[in-house]
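Next comes entry_12.pdb, a file with PDB, C-alpha atoms.
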ATOM      1  CA  MET A 408    -118.582 127.405   2.126  1.00  0.00           C
ATOM      2  CA  SER A 409    -120.145 125.474   4.987  1.00  0.00           C
ATOM      3  CA  GLU A 410    -121.080 128.799   6.644  1.00  0.00           C
ATOM      4  CA  LEU A 411    -123.325 129.577   3.689  1.00  0.00           C
ATOM      5  CA  VAL A 412    -124.880 126.125   3.793  1.00  0.00           C
ATOM      6  CA  ASP A 413    -125.551 126.605   7.522  1.00  0.00           C
ATOM      7  CA  LEU A 414    -127.128 129.999   6.820  1.00  0.00           C
ATOM      8  CA  ALA A 415    -129.285 128.561   4.041  1.00  0.00           C
ATOM      9  CA  GLU A 416    -130.467 125.749   6.326  1.00  0.00           C
ATOM     10  CA  ARG A 417    -131.358 128.268   9.056  1.00  0.00           C
ATOM     11  CA  LEU A 418    -133.278 130.430   6.610  1.00  0.00           C
ATOM     12  CA  VAL A 419    -135.211 127.529   5.112  1.00  0.00           C
ATOM     13  CA  ALA A 420    -136.254 126.450   8.615  1.00  0.00           C
ATOM     14  CA  ILE A 421    -137.820 129.846   9.385  1.00  0.00           C
ATOM     15  CA  PRO A 422    -141.553 130.017   8.658  1.00  0.00           C
ATOM     16  CA  SER A 423    -141.742 133.237   6.652  1.00  0.00           C
ATOM     17  CA  HIS A 424    -144.727 132.739   4.364  1.00  0.00           C
ATOM     18  CA  VAL A 425    -146.772 135.321   6.271  1.00  0.00           C
ATOM     19  CA  ASP A 426    -144.117 137.671   7.662  1.00  0.00           C
ATOM     20  CA  GLU A 427    -140.521 137.832   6.500  1.00  0.00           C
ATOM     21  CA  THR A 428    -139.364 139.650   9.661  1.00  0.00           C
ATOM     22  CA  ALA A 429    -137.897 136.514  11.251  1.00  0.00           C
ATOM     23  CA  ALA A 430    -135.874 135.748   8.122  1.00  0.00           C
ATOM     24  CA  GLY A 431    -134.651 139.352   8.049  1.00  0.00           C
ATOM     25  CA  ASP A 432    -133.666 139.084  11.707  1.00  0.00           C
ATOM     26  CA  ALA A 433    -131.684 135.915  10.984  1.00  0.00           C
ATOM     27  CA  ILE A 434    -129.884 137.502   8.042  1.00  0.00           C
ATOM     28  CA  GLU A 435    -129.122 140.616  10.083  1.00  0.00           C
ATOM     29  CA  ALA A 436    -127.735 138.534  12.955  1.00  0.00           C
ATOM     30  CA  TRP A 437    -125.605 136.474  10.569  1.00  0.00           C
ATOM     31  CA  LEU A 438    -124.185 139.568   8.895  1.00  0.00           C
ATOM     32  CA  ARG A 439    -123.328 141.112  12.273  1.00  0.00           C
ATOM     33  CA  GLU A 440    -121.703 137.890  13.529  1.00  0.00           C
ATOM     34  CA  GLU A 441    -119.854 136.833  10.391  1.00  0.00           C
ATOM     35  CA  THR A 442    -118.865 140.092   8.668  1.00  0.00           C
ATOM     36  CA  ASP A 443    -117.682 143.563   9.478  1.00  0.00           C
ATOM     37  CA  ALA A 444    -120.423 145.080   7.313  1.00  0.00           C
ATOM     38  CA  LEU A 445    -122.445 148.014   8.544  1.00  0.00           C
ATOM     39  CA  VAL A 446    -125.962 146.602   8.855  1.00  0.00           C
ATOM     40  CA  GLU A 447    -128.886 149.010   8.710  1.00  0.00           C
ATOM     41  CA  ARG A 448    -132.538 148.065   8.251  1.00  0.00           C
ATOM     42  CA  ASP A 449    -135.394 150.270   7.265  1.00  0.00           C
TER      43      ASP A 449
END
Translate the structure described by the file into structure tokens.
Amino acid sequence: MSELVDLAERLVAIPSHVDETAAGDAIEAWLREETDALVERD
């Protein structure tokens, strides 16, 4: 559960009010590091 809290804290710290790309990058990196999911972005 603490992994999700850490992820939430990282996401909240990212200024994404103009461009959500940085938040998407953080989520993509987390998914690649913490899961075996196939991550594709379009």
Measuring atom to atom with all atoms listed in the file, identify which of A:Val425, A:Ile434, A:Met408, A:Ala415 is nearest to A:Arg448.
-> A:Ile434
As AutoDock Vina command-line options, please: the centre and edge lengths in Å, to one decimal, of an axis-aligned box enclosing every listed atom of stretch 424-436 of chain A with 3 Å added on each side.
--center_x -137.3 --center_y 136.7 --center_z 8.7 --size_x 25.0 --size_y 13.9 --size_z 14.6
Residues matched by the PyMOL selection byres ((chain A and resi 430) around 12) as a PDB file with C-alpha atoms, in the frame of the given file:
ATOM      1  CA  LEU A 414    -127.128 129.999   6.820  1.00  0.00           C
ATOM      2  CA  ALA A 415    -129.285 128.561   4.041  1.00  0.00           C
ATOM      3  CA  GLU A 416    -130.467 125.749   6.326  1.00  0.00           C
ATOM      4  CA  ARG A 417    -131.358 128.268   9.056  1.00  0.00           C
ATOM      5  CA  LEU A 418    -133.278 130.430   6.610  1.00  0.00           C
ATOM      6  CA  VAL A 419    -135.211 127.529   5.112  1.00  0.00           C
ATOM      7  CA  ALA A 420    -136.254 126.450   8.615  1.00  0.00           C
ATOM      8  CA  ILE A 421    -137.820 129.846   9.385  1.00  0.00           C
ATOM      9  CA  PRO A 422    -141.553 130.017   8.658  1.00  0.00           C
ATOM     10  CA  SER A 423    -141.742 133.237   6.652  1.00  0.00           C
ATOM     11  CA  HIS A 424    -144.727 132.739   4.364  1.00  0.00           C
ATOM     12  CA  VAL A 425    -146.772 135.321   6.271  1.00  0.00           C
ATOM     13  CA  ASP A 426    -144.117 137.671   7.662  1.00  0.00           C
ATOM     14  CA  GLU A 427    -140.521 137.832   6.500  1.00  0.00           C
ATOM     15  CA  THR A 428    -139.364 139.650   9.661  1.00  0.00           C
ATOM     16  CA  ALA A 429    -137.897 136.514  11.251  1.00  0.00           C
ATOM     17  CA  GLY A 431    -134.651 139.352   8.049  1.00  0.00           C
ATOM     18  CA  ASP A 432    -133.666 139.084  11.707  1.00  0.00           C
ATOM     19  CA  ALA A 433    -131.684 135.915  10.984  1.00  0.00           C
ATOM     20  CA  ILE A 434    -129.884 137.502   8.042  1.00  0.00           C
ATOM     21  CA  GLU A 435    -129.122 140.616  10.083  1.00  0.00           C
ATOM     22  CA  ALA A 436    -127.735 138.534  12.955  1.00  0.00           C
ATOM     23  CA  TRP A 437    -125.605 136.474  10.569  1.00  0.00           C
TER      24      TRP A 437
END
Since the input is missing atoms, can you rebuild N, CA, C and O atoms for stretch 409-421 of chain A and write them as a PDB file, keeping the file's coordinate frame?
ATOM      1  N   SER A 409    -119.181 126.088   4.075  1.00  0.00           N
ATOM      2  CA  SER A 409    -120.145 125.474   4.987  1.00  0.00           C
ATOM      3  C   SER A 409    -120.926 126.525   5.768  1.00  0.00           C
ATOM      4  O   SER A 409    -122.057 126.270   6.187  1.00  0.00           O
ATOM      5  N   GLU A 410    -120.351 127.726   5.973  1.00  0.00           N
ATOM      6  CA  GLU A 410    -121.080 128.799   6.644  1.00  0.00           C
ATOM      7  C   GLU A 410    -122.321 129.189   5.849  1.00  0.00           C
ATOM      8  O   GLU A 410    -123.380 129.429   6.421  1.00  0.00           O
ATOM      9  N   LEU A 411    -122.180 129.222   4.528  1.00  0.00           N
ATOM     10  CA  LEU A 411    -123.325 129.577   3.689  1.00  0.00           C
ATOM     11  C   LEU A 411    -124.373 128.481   3.685  1.00  0.00           C
ATOM     12  O   LEU A 411    -125.574 128.770   3.664  1.00  0.00           O
ATOM     13  N   VAL A 412    -123.935 127.242   3.720  1.00  0.00           N
ATOM     14  CA  VAL A 412    -124.880 126.125   3.793  1.00  0.00           C
ATOM     15  C   VAL A 412    -125.629 126.193   5.123  1.00  0.00           C
ATOM     16  O   VAL A 412    -126.854 126.024   5.161  1.00  0.00           O
ATOM     17  N   ASP A 413    -124.905 126.473   6.211  1.00  0.00           N
ATOM     18  CA  ASP A 413    -125.551 126.605   7.522  1.00  0.00           C
ATOM     19  C   ASP A 413    -126.569 127.738   7.511  1.00  0.00           C
ATOM     20  O   ASP A 413    -127.679 127.589   8.028  1.00  0.00           O
ATOM     21  N   LEU A 414    -126.208 128.877   6.913  1.00  0.00           N
ATOM     22  CA  LEU A 414    -127.128 129.999   6.820  1.00  0.00           C
ATOM     23  C   LEU A 414    -128.362 129.622   6.010  1.00  0.00           C
ATOM     24  O   LEU A 414    -129.491 129.899   6.417  1.00  0.00           O
ATOM     25  N   ALA A 415    -128.156 128.975   4.887  1.00  0.00           N
ATOM     26  CA  ALA A 415    -129.285 128.561   4.041  1.00  0.00           C
ATOM     27  C   ALA A 415    -130.212 127.621   4.805  1.00  0.00           C
ATOM     28  O   ALA A 415    -131.445 127.760   4.738  1.00  0.00           O
ATOM     29  N   GLU A 416    -129.647 126.679   5.550  1.00  0.00           N
ATOM     30  CA  GLU A 416    -130.467 125.749   6.326  1.00  0.00           C
ATOM     31  C   GLU A 416    -131.271 126.490   7.389  1.00  0.00           C
ATOM     32  O   GLU A 416    -132.447 126.190   7.616  1.00  0.00           O
ATOM     33  N   ARG A 417    -130.646 127.470   8.047  1.00  0.00           N
ATOM     34  CA  ARG A 417    -131.358 128.268   9.056  1.00  0.00           C
ATOM     35  C   ARG A 417    -132.499 129.044   8.428  1.00  0.00           C
ATOM     36  O   ARG A 417    -133.599 129.115   8.986  1.00  0.00           O
ATOM     37  N   LEU A 418    -132.245 129.627   7.264  1.00  0.00           N
ATOM     38  CA  LEU A 418    -133.278 130.430   6.610  1.00  0.00           C
ATOM     39  C   LEU A 418    -134.447 129.581   6.126  1.00  0.00           C
ATOM     40  O   LEU A 418    -135.603 129.980   6.256  1.00  0.00           O
ATOM     41  N   VAL A 419    -134.148 128.413   5.598  1.00  0.00           N
ATOM     42  CA  VAL A 419    -135.211 127.529   5.112  1.00  0.00           C
ATOM     43  C   VAL A 419    -136.085 127.054   6.271  1.00  0.00           C
ATOM     44  O   VAL A 419    -137.290 126.853   6.103  1.00  0.00           O
ATOM     45  N   ALA A 420    -135.508 126.930   7.453  1.00  0.00           N
ATOM     46  CA  ALA A 420    -136.254 126.450   8.615  1.00  0.00           C
ATOM     47  C   ALA A 420    -137.177 127.507   9.217  1.00  0.00           C
ATOM     48  O   ALA A 420    -138.051 127.186  10.013  1.00  0.00           O
ATOM     49  N   ILE A 421    -137.013 128.764   8.816  1.00  0.00           N
ATOM     50  CA  ILE A 421    -137.820 129.846   9.385  1.00  0.00           C
ATOM     51  C   ILE A 421    -139.144 129.958   8.628  1.00  0.00           C
ATOM     52  O   ILE A 421    -139.138 130.159   7.418  1.00  0.00           O
TER      53      ILE A 421
END
